[in-house]
Amino acid sequence: MNKLNEGSFTSGDTVSFWMDATAVISCTTPDQDINTEVLIIGGGIAGLTTAYQLLKAGKKVVLVEDGFIGSGETGRTTAHLTSALDDRYYFLEDIFGKDGAALAAESHTAAIDEIENTVRSLKIDCSFKRVNGYLFLHENDKEENLDKEYQATQRAGLPTAIIEETPGINGGETIRSLRFSHQAQFHILQYLKGLADGITALGGTIYTQAHATDINKKGATVNGYTFSAQHIVVATNTPVNDLFTMHTKQHAYRTYVIAGKIPKGKLPYSLWWETADEESKWVAKPYHYVRLEHFDDKYDLLISGGEDHKTGQEDEEGISQSDRFANLEFWTRRYFPMLDDISYRWSGQVMEPVDSLGFMGKNPGDDNIYIISGDSGNGMTHTTIGAMIIRDSILGIKNKWEDLYNPARITFKTSGDFIKEAANMASQYLDWISASDLQNTADLPAGEGGLISIGLKKIAVYRDYNNTLKAFSAVCPHLGCIIQWNNTEKSFDCPCHGSRFTTDGTVINGPAASDLQPIGIKK
Ligand SMILES: Cc1cc2nc3c(=O)[nH]c(=O)nc-3n(C[C@H](O)[C@H](O)[C@H](O)COP(=O)(O)OP(=O)(O)OC[C@H]3O[C@@H](n4cnc5c(N)ncnc54)[C@H](O)[C@@H]3O)c2cc1C
Ligand code: FES
């Protein structure tokens with residue numbers, strides 16, 4: 001089997017089903033200076049879709065990805081294609097008005113259609129299918145909220161209906177749900193492979209293992225070469241060119257996924273989601289999300305996700321990462337008892353915008369630098385919408401969704417949530433004075449990391465499998481929070497804005513733009 005992260009770090013140590021089932025998608029590495037019309041940084045669904053849209057419109061495009069295609073969060077997704085957004089439409093109406101909520105519904109519906117058109121025109125074999133989605137009530141949510149959501153989705157023009165059952169789930173005969181028709185699903189890495197082939201067929205250039213630094217209005221430095229461009233699209237999930245703005249508008253959450261086989265034909269291909277856990281302490285309240293994917297002639301794979309918490313803060317609920325996987329399995333077996341042994345466990349990071357909608361368009365304060373971020377658990381569609389908005393912006397066409405998703409927008413109605421997230425962020429600075437988790441480095445087994453204090457200094461340490469101890473300043477180079485060890489994904493994660501670093505200190509997630517500072521210590 002091919003693994004995307006063979007011998008090298010992607011955005012985590014665990015391997016998703018998609019990564020396991022797909023050959024690594026790599027291209028050439030940079031070997032000269034480049035001049036192009038559009039430089040795209042990031043080879044996930046956001047970057048590739050933007051590249052494809054611009055090439056179809058006749059633009060000259062170069063894309064750089066510092067890992068491999070799909071080796072970021074896109075390779076860790078569960079790839080529901082849906083207009084049933086994470087946060088409810090009645091909430092969107094409250095913030096953006098009825099017209100805004102309707103535009104959001106229209107844009108996500110159009111994004112699914114656009115993905116379907118791309119699959120058809122590039123003849124991508126990625127098991128794209130149209131399916132129904134069922135939203136049912138979390139045990140801590142109120143019945144009336146399902147009805148409220150039904151009314152709001154109807155006003156937004158979506159094809160929904162309240163039904164007195166939830167088809168497919170255990171006990172579903174008596175569980176009311178809100179059905180969303182004409183949703184979809186696909187195999188994400190097969191889709192990206194098709195998109196990458198489509199990009200090169202249209203004359204686009206993709207570089208992998210190509211790290212962009214010094215991103216500015218003229219381009220970027222990529223593996224030491226000068227890449228100049230008229231337009232720069234930062235499609236790195238979290239903008240890596242952000243010091244002042246975007247990290248205050250969105251918050252990083254970790255979410256968990258398990259997958260196991262079920263006999264083929266036992267369940268209809270569908271999407272299932274709970275409403276949110278209203279008693280959760282997090283501003284972005286967690287929920288569970290489930291779907292099927294073709295596995296082989298005998299089996300489908302049931303893929304179930306949830307148990308989210310703010311990045312680097314699982315301890316705040318006293319639930320370890322292994323317990324989160326166990327809780328997820330417990331919940332999944334309750335509704336899907338036919339689930340076989342668990343074949344895959346992985347986790348990933350989602351960026352939750354404080355007002356529920358993604359940030360796609362011109363980077364605040366810039367005329368020719370664009371970003372796609374804040375795409376929450378609806379990143380497949382959000383990024384596709386972002387690609388269309390940025391394509392139009394570069395072509396000088398006014399896009400009807402541009403204002404709704406404008407990264408520079410300020411949303412006053414979410415000030416309560418904003419204050420809660422800001423207070424949570426500020427409290428992370430207390431880690432400077434709180435106790436460290438290791439008494440001395442001799443406690444540290446191979447393959448694990450942690451923090452130690454030496455005087456007033458906080459040090460991040462990792463012992464590799466050759467028993468070599470590596471040490472770095474535990475101070476995040478973004479804005480100085482203390483990073484935390486993520487034992488599932490073997491990374492150091494920042495609890496403030498979600499920057500992440502490998503065990504050798506290399507930054508793999510912004511907003512931090514530089515690596516952890518190495519420290520020489522005695523073993
Ligand atoms: C567990 C999980 C489940 C999800 N489920 C769903 C779902 O069911 N439906 C849905 O719509 N969304 C879902 N999402 C969200 C969705 O997967 C993401 O929002 C989406 O994949 C983000 O795509 P992206 O291209 O913006 O980011 P990424 O895929 O992370 O791509 C960004 C790329 O930029 C590269 N990069 C970063 N910095 C640099 C640099 N300096 N130079 C060069 N390259 C750089 C990274 O290596 C990375 O590959 C889920 C997410 C997770 C984690
Ligand atoms: S990500 Fe902002 S301080 Fe670490």
# chains A, B, ... in the order shown; residues from 1 in each chain; ligands from 1
>>> select_by_dssp(residues="region 190-249 of chain A", states="strand (DSSP E or B)", output="MDAnalysis selection string")
chainID A and resid 205:207 212:216 219:222 225:234
>>> residues_near_ligand(ligand="ligand 1", cutoff="6 Å", atoms="only C-alpha atoms and all ligand atoms", output="VMD selection string")
chain A and resid 41 to 47 64 to 67 70 to 74 76 to 81 210 to 213 235 to 237 255 to 257 347 to 350 375 to 381
>>> residues_around(residues="Gly447 (chain A)", least_positions_apart="2", cutoff="9 Å", atoms="only C-alpha atoms", output="PyMOL selection string")
chain A and resi 444-445+449+462-465+467+487+490
>>> write_last_selection(atoms="N, CA and C atoms", output="compact mmCIF listing (two decimals), in the first residue's frame")
# COMPACT_ATOMS: atom_id res chain seq x y z
N LEU A 444 10.94 10.55 29.14
CA LEU A 444 10.33 10.61 27.81
C LEU A 444 10.65 9.37 26.99
N PRO A 445 9.64 8.56 26.65
CA PRO A 445 9.91 7.38 25.80
C PRO A 445 10.20 7.80 24.35
N GLY A 449 6.88 13.35 22.85
CA GLY A 449 7.38 14.69 23.12
C GLY A 449 6.70 15.28 24.33
N TYR A 462 11.54 16.32 22.14
CA TYR A 462 11.04 15.12 21.45
C TYR A 462 12.18 14.10 21.41
N ARG A 463 11.87 12.84 21.78
CA ARG A 463 12.89 11.79 21.69
C ARG A 463 12.57 10.94 20.46
N ASP A 464 13.49 10.90 19.49
CA ASP A 464 13.19 10.14 18.27
C ASP A 464 13.47 8.66 18.49
N TYR A 465 13.19 7.84 17.46
CA TYR A 465 13.30 6.39 17.62
C TYR A 465 14.76 5.92 17.64
N ASN A 467 16.66 7.32 19.77
CA ASN A 467 16.93 7.77 21.14
C ASN A 467 17.63 9.12 21.21
N ASN A 487 0.16 13.96 20.82
CA ASN A 487 0.73 12.62 20.77
C ASN A 487 0.14 11.75 19.67
N LYS A 490 1.85 13.36 16.54
CA LYS A 490 3.30 13.59 16.73
C LYS A 490 3.71 14.96 16.21
>>> residues_near_ligand(ligand="ligand 2", cutoff="12 Å", atoms="only C-alpha atoms and all ligand atoms", output="PyMOL selection string")
chain A and resi 238-240+242-248+250-252+311-312+422+425-429+431+474-484+492-501+507-516
>>> residues_around(residues="Ile521 (chain A)", least_positions_apart="2", cutoff="12 Å", atoms="only C-alpha atoms", output="PDB file with all heavy atoms, in the first residue's frame")
ATOM      1  N   THR A 441      13.850  14.871  31.197  1.00  0.00           N
ATOM      2  CA  THR A 441      13.732  14.253  29.873  1.00  0.00           C
ATOM      3  C   THR A 441      13.920  12.744  29.917  1.00  0.00           C
ATOM      4  O   THR A 441      13.576  12.056  28.964  1.00  0.00           O
ATOM      5  CB  THR A 441      14.750  14.860  28.900  1.00  0.00           C
ATOM      6  OG1 THR A 441      16.035  14.727  29.470  1.00  0.00           O
ATOM      7  CG2 THR A 441      14.429  16.316  28.630  1.00  0.00           C
ATOM      8  N   ILE A 452       9.361  20.835  29.043  1.00  0.00           N
ATOM      9  CA  ILE A 452      10.042  20.932  30.336  1.00  0.00           C
ATOM     10  C   ILE A 452      10.324  22.412  30.607  1.00  0.00           C
ATOM     11  O   ILE A 452      10.360  23.214  29.680  1.00  0.00           O
ATOM     12  CB  ILE A 452      11.374  20.134  30.390  1.00  0.00           C
ATOM     13  CG1 ILE A 452      12.298  20.543  29.237  1.00  0.00           C
ATOM     14  CG2 ILE A 452      11.139  18.643  30.392  1.00  0.00           C
ATOM     15  CD1 ILE A 452      13.705  19.983  29.391  1.00  0.00           C
ATOM     16  N   ILE A 454      13.056  25.062  32.248  1.00  0.00           N
ATOM     17  CA  ILE A 454      14.397  25.282  32.790  1.00  0.00           C
ATOM     18  C   ILE A 454      14.453  26.750  33.181  1.00  0.00           C
ATOM     19  O   ILE A 454      14.433  27.623  32.314  1.00  0.00           O
ATOM     20  CB  ILE A 454      15.489  24.919  31.761  1.00  0.00           C
ATOM     21  CG1 ILE A 454      15.379  23.426  31.400  1.00  0.00           C
ATOM     22  CG2 ILE A 454      16.875  25.255  32.316  1.00  0.00           C
ATOM     23  CD1 ILE A 454      16.411  22.920  30.423  1.00  0.00           C
ATOM     24  N   ILE A 459      10.669  24.625  27.301  1.00  0.00           N
ATOM     25  CA  ILE A 459      11.361  23.946  26.206  1.00  0.00           C
ATOM     26  C   ILE A 459      10.524  22.770  25.728  1.00  0.00           C
ATOM     27  O   ILE A 459       9.986  21.991  26.534  1.00  0.00           O
ATOM     28  CB  ILE A 459      12.762  23.498  26.681  1.00  0.00           C
ATOM     29  CG1 ILE A 459      13.530  24.774  27.026  1.00  0.00           C
ATOM     30  CG2 ILE A 459      13.488  22.690  25.607  1.00  0.00           C
ATOM     31  CD1 ILE A 459      14.896  24.557  27.522  1.00  0.00           C
ATOM     32  N   ALA A 460      10.396  22.664  24.404  1.00  0.00           N
ATOM     33  CA  ALA A 460       9.692  21.521  23.797  1.00  0.00           C
ATOM     34  C   ALA A 460      10.731  20.471  23.467  1.00  0.00           C
ATOM     35  O   ALA A 460      11.750  20.775  22.844  1.00  0.00           O
ATOM     36  CB  ALA A 460       8.981  21.979  22.527  1.00  0.00           C
ATOM     37  N   VAL A 461      10.469  19.242  23.925  1.00  0.00           N
ATOM     38  CA  VAL A 461      11.449  18.181  23.655  1.00  0.00           C
ATOM     39  C   VAL A 461      10.772  17.001  22.958  1.00  0.00           C
ATOM     40  O   VAL A 461       9.582  16.730  23.171  1.00  0.00           O
ATOM     41  CB  VAL A 461      12.126  17.677  24.961  1.00  0.00           C
ATOM     42  CG1 VAL A 461      13.123  18.679  25.478  1.00  0.00           C
ATOM     43  CG2 VAL A 461      11.086  17.347  26.030  1.00  0.00           C
ATOM     44  N   TYR A 462      11.543  16.317  22.144  1.00  0.00           N
ATOM     45  CA  TYR A 462      11.039  15.117  21.455  1.00  0.00           C
ATOM     46  C   TYR A 462      12.178  14.101  21.408  1.00  0.00           C
ATOM     47  O   TYR A 462      13.316  14.457  21.075  1.00  0.00           O
ATOM     48  CB  TYR A 462      10.596  15.471  20.024  1.00  0.00           C
ATOM     49  CG  TYR A 462      10.261  14.239  19.215  1.00  0.00           C
ATOM     50  CD1 TYR A 462       9.097  13.512  19.467  1.00  0.00           C
ATOM     51  CD2 TYR A 462      11.123  13.783  18.210  1.00  0.00           C
ATOM     52  CE1 TYR A 462       8.806  12.364  18.741  1.00  0.00           C
ATOM     53  CE2 TYR A 462      10.825  12.643  17.485  1.00  0.00           C
ATOM     54  CZ  TYR A 462       9.668  11.940  17.751  1.00  0.00           C
ATOM     55  OH  TYR A 462       9.375  10.795  17.048  1.00  0.00           O
ATOM     56  N   THR A 468      17.583   9.879  20.131  1.00  0.00           N
ATOM     57  CA  THR A 468      18.177  11.216  20.150  1.00  0.00           C
ATOM     58  C   THR A 468      17.138  12.220  20.642  1.00  0.00           C
ATOM     59  O   THR A 468      15.996  12.212  20.171  1.00  0.00           O
ATOM     60  CB  THR A 468      18.629  11.629  18.724  1.00  0.00           C
ATOM     61  OG1 THR A 468      19.485  10.618  18.235  1.00  0.00           O
ATOM     62  CG2 THR A 468      19.330  12.981  18.724  1.00  0.00           C
ATOM     63  N   LEU A 469      17.548  13.049  21.581  1.00  0.00           N
ATOM     64  CA  LEU A 469      16.631  14.045  22.131  1.00  0.00           C
ATOM     65  C   LEU A 469      16.757  15.345  21.344  1.00  0.00           C
ATOM     66  O   LEU A 469      17.856  15.841  21.135  1.00  0.00           O
ATOM     67  CB  LEU A 469      17.001  14.286  23.591  1.00  0.00           C
ATOM     68  CG  LEU A 469      15.942  14.947  24.438  1.00  0.00           C
ATOM     69  CD1 LEU A 469      14.724  14.046  24.605  1.00  0.00           C
ATOM     70  CD2 LEU A 469      16.538  15.278  25.815  1.00  0.00           C
ATOM     71  N   LYS A 470      15.615  15.844  20.871  1.00  0.00           N
ATOM     72  CA  LYS A 470      15.634  17.124  20.152  1.00  0.00           C
ATOM     73  C   LYS A 470      14.946  18.165  21.029  1.00  0.00           C
ATOM     74  O   LYS A 470      13.943  17.846  21.668  1.00  0.00           O
ATOM     75  CB  LYS A 470      14.883  17.003  18.835  1.00  0.00           C
ATOM     76  CG  LYS A 470      15.533  16.003  17.886  1.00  0.00           C
ATOM     77  CD  LYS A 470      14.695  15.815  16.661  1.00  0.00           C
ATOM     78  CE  LYS A 470      15.409  14.894  15.693  1.00  0.00           C
ATOM     79  NZ  LYS A 470      14.576  14.515  14.576  1.00  0.00           N
ATOM     80  N   ALA A 471      15.451  19.364  21.023  1.00  0.00           N
ATOM     81  CA  ALA A 471      14.851  20.393  21.891  1.00  0.00           C
ATOM     82  C   ALA A 471      14.706  21.711  21.145  1.00  0.00           C
ATOM     83  O   ALA A 471      15.534  22.070  20.303  1.00  0.00           O
ATOM     84  CB  ALA A 471      15.730  20.588  23.121  1.00  0.00           C
ATOM     85  N   PHE A 472      13.609  22.385  21.439  1.00  0.00           N
ATOM     86  CA  PHE A 472      13.296  23.666  20.782  1.00  0.00           C
ATOM     87  C   PHE A 472      12.707  24.611  21.821  1.00  0.00           C
ATOM     88  O   PHE A 472      12.141  24.167  22.821  1.00  0.00           O
ATOM     89  CB  PHE A 472      12.230  23.474  19.690  1.00  0.00           C
ATOM     90  CG  PHE A 472      12.503  22.328  18.788  1.00  0.00           C
ATOM     91  CD1 PHE A 472      11.996  21.057  19.071  1.00  0.00           C
ATOM     92  CD2 PHE A 472      13.307  22.490  17.659  1.00  0.00           C
ATOM     93  CE1 PHE A 472      12.282  19.983  18.258  1.00  0.00           C
ATOM     94  CE2 PHE A 472      13.589  21.419  16.838  1.00  0.00           C
ATOM     95  CZ  PHE A 472      13.071  20.161  17.135  1.00  0.00           C
ATOM     96  N   SER A 473      12.782  25.877  21.514  1.00  0.00           N
ATOM     97  CA  SER A 473      12.017  26.820  22.333  1.00  0.00           C
ATOM     98  C   SER A 473      10.540  26.468  22.170  1.00  0.00           C
ATOM     99  O   SER A 473      10.069  26.239  21.045  1.00  0.00           O
ATOM    100  CB  SER A 473      12.263  28.249  21.850  1.00  0.00           C
ATOM    101  OG  SER A 473      11.243  29.066  22.391  1.00  0.00           O
ATOM    102  N   PRO A 518      15.670  25.899  17.481  1.00  0.00           N
ATOM    103  CA  PRO A 518      16.326  24.749  18.123  1.00  0.00           C
ATOM    104  C   PRO A 518      17.162  25.175  19.336  1.00  0.00           C
ATOM    105  O   PRO A 518      17.686  26.284  19.367  1.00  0.00           O
ATOM    106  CB  PRO A 518      17.230  24.173  17.029  1.00  0.00           C
ATOM    107  CG  PRO A 518      17.119  25.065  15.869  1.00  0.00           C
ATOM    108  CD  PRO A 518      16.209  26.210  16.182  1.00  0.00           C
ATOM    109  N   ILE A 519      17.280  24.253  20.297  1.00  0.00           N
ATOM    110  CA  ILE A 519      18.064  24.535  21.511  1.00  0.00           C
ATOM    111  C   ILE A 519      18.994  23.349  21.731  1.00  0.00           C
ATOM    112  O   ILE A 519      18.561  22.190  21.631  1.00  0.00           O
ATOM    113  CB  ILE A 519      17.128  24.694  22.733  1.00  0.00           C
ATOM    114  CG1 ILE A 519      16.337  25.993  22.613  1.00  0.00           C
ATOM    115  CG2 ILE A 519      17.897  24.668  24.041  1.00  0.00           C
ATOM    116  CD1 ILE A 519      15.374  26.222  23.757  1.00  0.00           C
ATOM    117  N   LYS A 523      21.771  15.300  26.807  1.00  0.00           N
ATOM    118  CA  LYS A 523      20.774  14.217  26.846  1.00  0.00           C
ATOM    119  C   LYS A 523      20.589  13.680  28.255  1.00  0.00           C
ATOM    120  O   LYS A 523      21.481  13.714  29.037  1.00  0.00           O
ATOM    121  CB  LYS A 523      21.225  13.084  25.942  1.00  0.00           C
ATOM    122  CG  LYS A 523      21.136  13.508  24.498  1.00  0.00           C
ATOM    123  CD  LYS A 523      21.720  12.436  23.605  1.00  0.00           C
ATOM    124  CE  LYS A 523      22.148  13.079  22.307  1.00  0.00           C
ATOM    125  NZ  LYS A 523      22.865  12.184  21.451  1.00  0.00           N
TER     126      LYS A 523
END
>>> closest_residue(among="A:Asp437, A:Asp340, A:Glu293, A:Glu316", to="Phe186 (chain A)", atoms="only C-alpha atoms")
A:Glu293
>>> atom_distance(atom1="CA of Leu271 (chain A)", atom2="CA of Leu302 (chain A)")
10.6 Å
>>> closest_residue(among="A:Lys281, A:Ser121, A:Ile258, A:Ile188", to="Phe325 (chain A)", atoms="only C-alpha atoms")
A:Ile258
>>> residues_around(residues="region 135-139 of chain A", least_positions_apart="5", cutoff="7 Å", atoms="only C-alpha atoms", output="mmCIF file with all heavy atoms, in the first residue's frame")
data_model
loop_
_atom_site.group_PDB
_atom_site.id
_atom_site.type_symbol
_atom_site.label_atom_id
_atom_site.label_comp_id
_atom_site.auth_asym_id
_atom_site.auth_seq_id
_atom_site.Cartn_x
_atom_site.Cartn_y
_atom_site.Cartn_z
ATOM 1 N N ARG A 176 -36.727 11.684 14.256
ATOM 2 C CA ARG A 176 -37.046 12.717 13.257
ATOM 3 C C ARG A 176 -35.774 13.280 12.664
ATOM 4 O O ARG A 176 -34.768 13.435 13.365
ATOM 5 C CB ARG A 176 -37.762 13.897 13.935
ATOM 6 C CG ARG A 176 -39.220 13.754 14.075
ATOM 7 C CD ARG A 176 -39.751 15.005 14.766
ATOM 8 N NE ARG A 176 -40.400 15.900 13.825
ATOM 9 C CZ ARG A 176 -40.320 17.212 13.849
ATOM 10 N NH1 ARG A 176 -39.575 17.824 14.753
ATOM 11 N NH2 ARG A 176 -40.975 17.951 12.996
ATOM 12 N N SER A 177 -35.846 13.661 11.399
ATOM 13 C CA SER A 177 -34.655 14.300 10.818
ATOM 14 C C SER A 177 -35.054 15.320 9.769
ATOM 15 O O SER A 177 -36.187 15.332 9.279
ATOM 16 C CB SER A 177 -33.717 13.250 10.225
ATOM 17 O OG SER A 177 -34.314 12.619 9.121
ATOM 18 N N LEU A 178 -34.077 16.152 9.450
ATOM 19 C CA LEU A 178 -34.241 17.121 8.364
ATOM 20 C C LEU A 178 -33.453 16.569 7.184
ATOM 21 O O LEU A 178 -32.220 16.418 7.273
ATOM 22 C CB LEU A 178 -33.683 18.478 8.815
ATOM 23 C CG LEU A 178 -33.693 19.608 7.790
ATOM 24 C CD1 LEU A 178 -35.104 19.859 7.245
ATOM 25 C CD2 LEU A 178 -33.154 20.896 8.423
ATOM 26 N N ARG A 179 -34.176 16.230 6.101
ATOM 27 C CA ARG A 179 -33.509 15.626 4.940
ATOM 28 C C ARG A 179 -33.076 16.715 3.959
ATOM 29 O O ARG A 179 -33.876 17.568 3.589
ATOM 30 C CB ARG A 179 -34.453 14.648 4.234
ATOM 31 C CG ARG A 179 -33.777 13.896 3.099
ATOM 32 C CD ARG A 179 -34.757 13.021 2.355
ATOM 33 N NE ARG A 179 -35.791 13.839 1.720
ATOM 34 C CZ ARG A 179 -37.040 13.436 1.503
ATOM 35 N NH1 ARG A 179 -37.431 12.224 1.857
ATOM 36 N NH2 ARG A 179 -37.925 14.243 0.923
ATOM 37 N N TRP A 272 -24.879 11.470 7.180
ATOM 38 C CA TRP A 272 -25.642 11.631 8.425
ATOM 39 C C TRP A 272 -24.901 12.631 9.311
ATOM 40 O O TRP A 272 -23.677 12.547 9.457
ATOM 41 C CB TRP A 272 -25.724 10.305 9.192
ATOM 42 C CG TRP A 272 -26.521 9.221 8.530
ATOM 43 C CD1 TRP A 272 -27.862 9.005 8.622
ATOM 44 C CD2 TRP A 272 -26.017 8.168 7.683
ATOM 45 N NE1 TRP A 272 -28.236 7.904 7.889
ATOM 46 C CE2 TRP A 272 -27.127 7.365 7.306
ATOM 47 C CE3 TRP A 272 -24.752 7.814 7.204
ATOM 48 C CZ2 TRP A 272 -26.991 6.239 6.476
ATOM 49 C CZ3 TRP A 272 -24.624 6.707 6.379
ATOM 50 C CH2 TRP A 272 -25.741 5.944 6.030
ATOM 51 N N TRP A 273 -25.637 13.553 9.875
ATOM 52 C CA TRP A 273 -25.041 14.506 10.826
ATOM 53 C C TRP A 273 -25.984 14.698 11.997
ATOM 54 O O TRP A 273 -27.194 14.761 11.827
ATOM 55 C CB TRP A 273 -24.850 15.898 10.211
ATOM 56 C CG TRP A 273 -24.429 15.939 8.791
ATOM 57 C CD1 TRP A 273 -23.175 15.733 8.297
ATOM 58 C CD2 TRP A 273 -25.265 16.221 7.644
ATOM 59 N NE1 TRP A 273 -23.173 15.873 6.935
ATOM 60 C CE2 TRP A 273 -24.440 16.177 6.509
ATOM 61 C CE3 TRP A 273 -26.611 16.507 7.470
ATOM 62 C CZ2 TRP A 273 -24.914 16.403 5.210
ATOM 63 C CZ3 TRP A 273 -27.091 16.742 6.181
ATOM 64 C CH2 TRP A 273 -26.257 16.681 5.077
ATOM 65 N N GLU A 274 -25.352 14.878 13.164
ATOM 66 C CA GLU A 274 -26.120 15.347 14.327
ATOM 67 C C GLU A 274 -26.139 16.868 14.323
ATOM 68 O O GLU A 274 -25.225 17.491 13.785
ATOM 69 C CB GLU A 274 -25.343 15.014 15.601
ATOM 70 C CG GLU A 274 -25.546 13.747 16.248
ATOM 71 C CD GLU A 274 -24.581 13.695 17.434
ATOM 72 O OE1 GLU A 274 -23.466 14.237 17.353
ATOM 73 O OE2 GLU A 274 -24.985 13.103 18.431
ATOM 74 N N THR A 275 -27.124 17.457 14.999
ATOM 75 C CA THR A 275 -26.986 18.881 15.312
ATOM 76 C C THR A 275 -25.895 18.990 16.397
ATOM 77 O O THR A 275 -25.363 17.974 16.841
ATOM 78 C CB THR A 275 -28.323 19.468 15.816
ATOM 79 O OG1 THR A 275 -28.724 18.766 16.994
ATOM 80 C CG2 THR A 275 -29.403 19.342 14.751
ATOM 81 N N ALA A 276 -25.569 20.197 16.812
ATOM 82 C CA ALA A 276 -24.419 20.370 17.700
ATOM 83 C C ALA A 276 -24.734 20.023 19.157
ATOM 84 O O ALA A 276 -25.887 20.074 19.584
ATOM 85 C CB ALA A 276 -23.950 21.812 17.619
ATOM 86 N N ASP A 277 -23.681 19.673 19.907
ATOM 87 C CA ASP A 277 -23.802 19.458 21.344
ATOM 88 C C ASP A 277 -23.905 20.832 22.025
ATOM 89 O O ASP A 277 -22.897 21.503 22.248
ATOM 90 C CB ASP A 277 -22.570 18.704 21.853
ATOM 91 C CG ASP A 277 -22.609 18.502 23.352
ATOM 92 O OD1 ASP A 277 -23.556 19.001 23.998
ATOM 93 O OD2 ASP A 277 -21.689 17.855 23.877
#
>>> select_by_dssp(residues="region 78-165 of chain A", states="helix (DSSP H, G or I)", output="ChimeraX atom specification")
/A:89-121,143-155
>>> closest_residue(among="A:Ile169, A:Ile319, A:Ala229, A:Ile410", to="Val62 (chain A)", atoms="only C-alpha atoms")
A:Ala229
>>> atom_distance(atom1="CA of Asp308 (chain A)", atom2="CA of Ser322 (chain A)")
12.7 Å
>>> closest_residue(among="A:Met19, A:Leu55, A:Leu357, A:Val119", to="Tyr89 (chain A)", atoms="only C-alpha atoms")
A:Leu357
>>> residues_around(residues="Pro268 (chain A)", least_positions_apart="6", cutoff="9 Å", atoms="only C-alpha atoms", output="list of chain:residue names")
A:Val131, A:Pro167, A:Gly168, A:Leu292
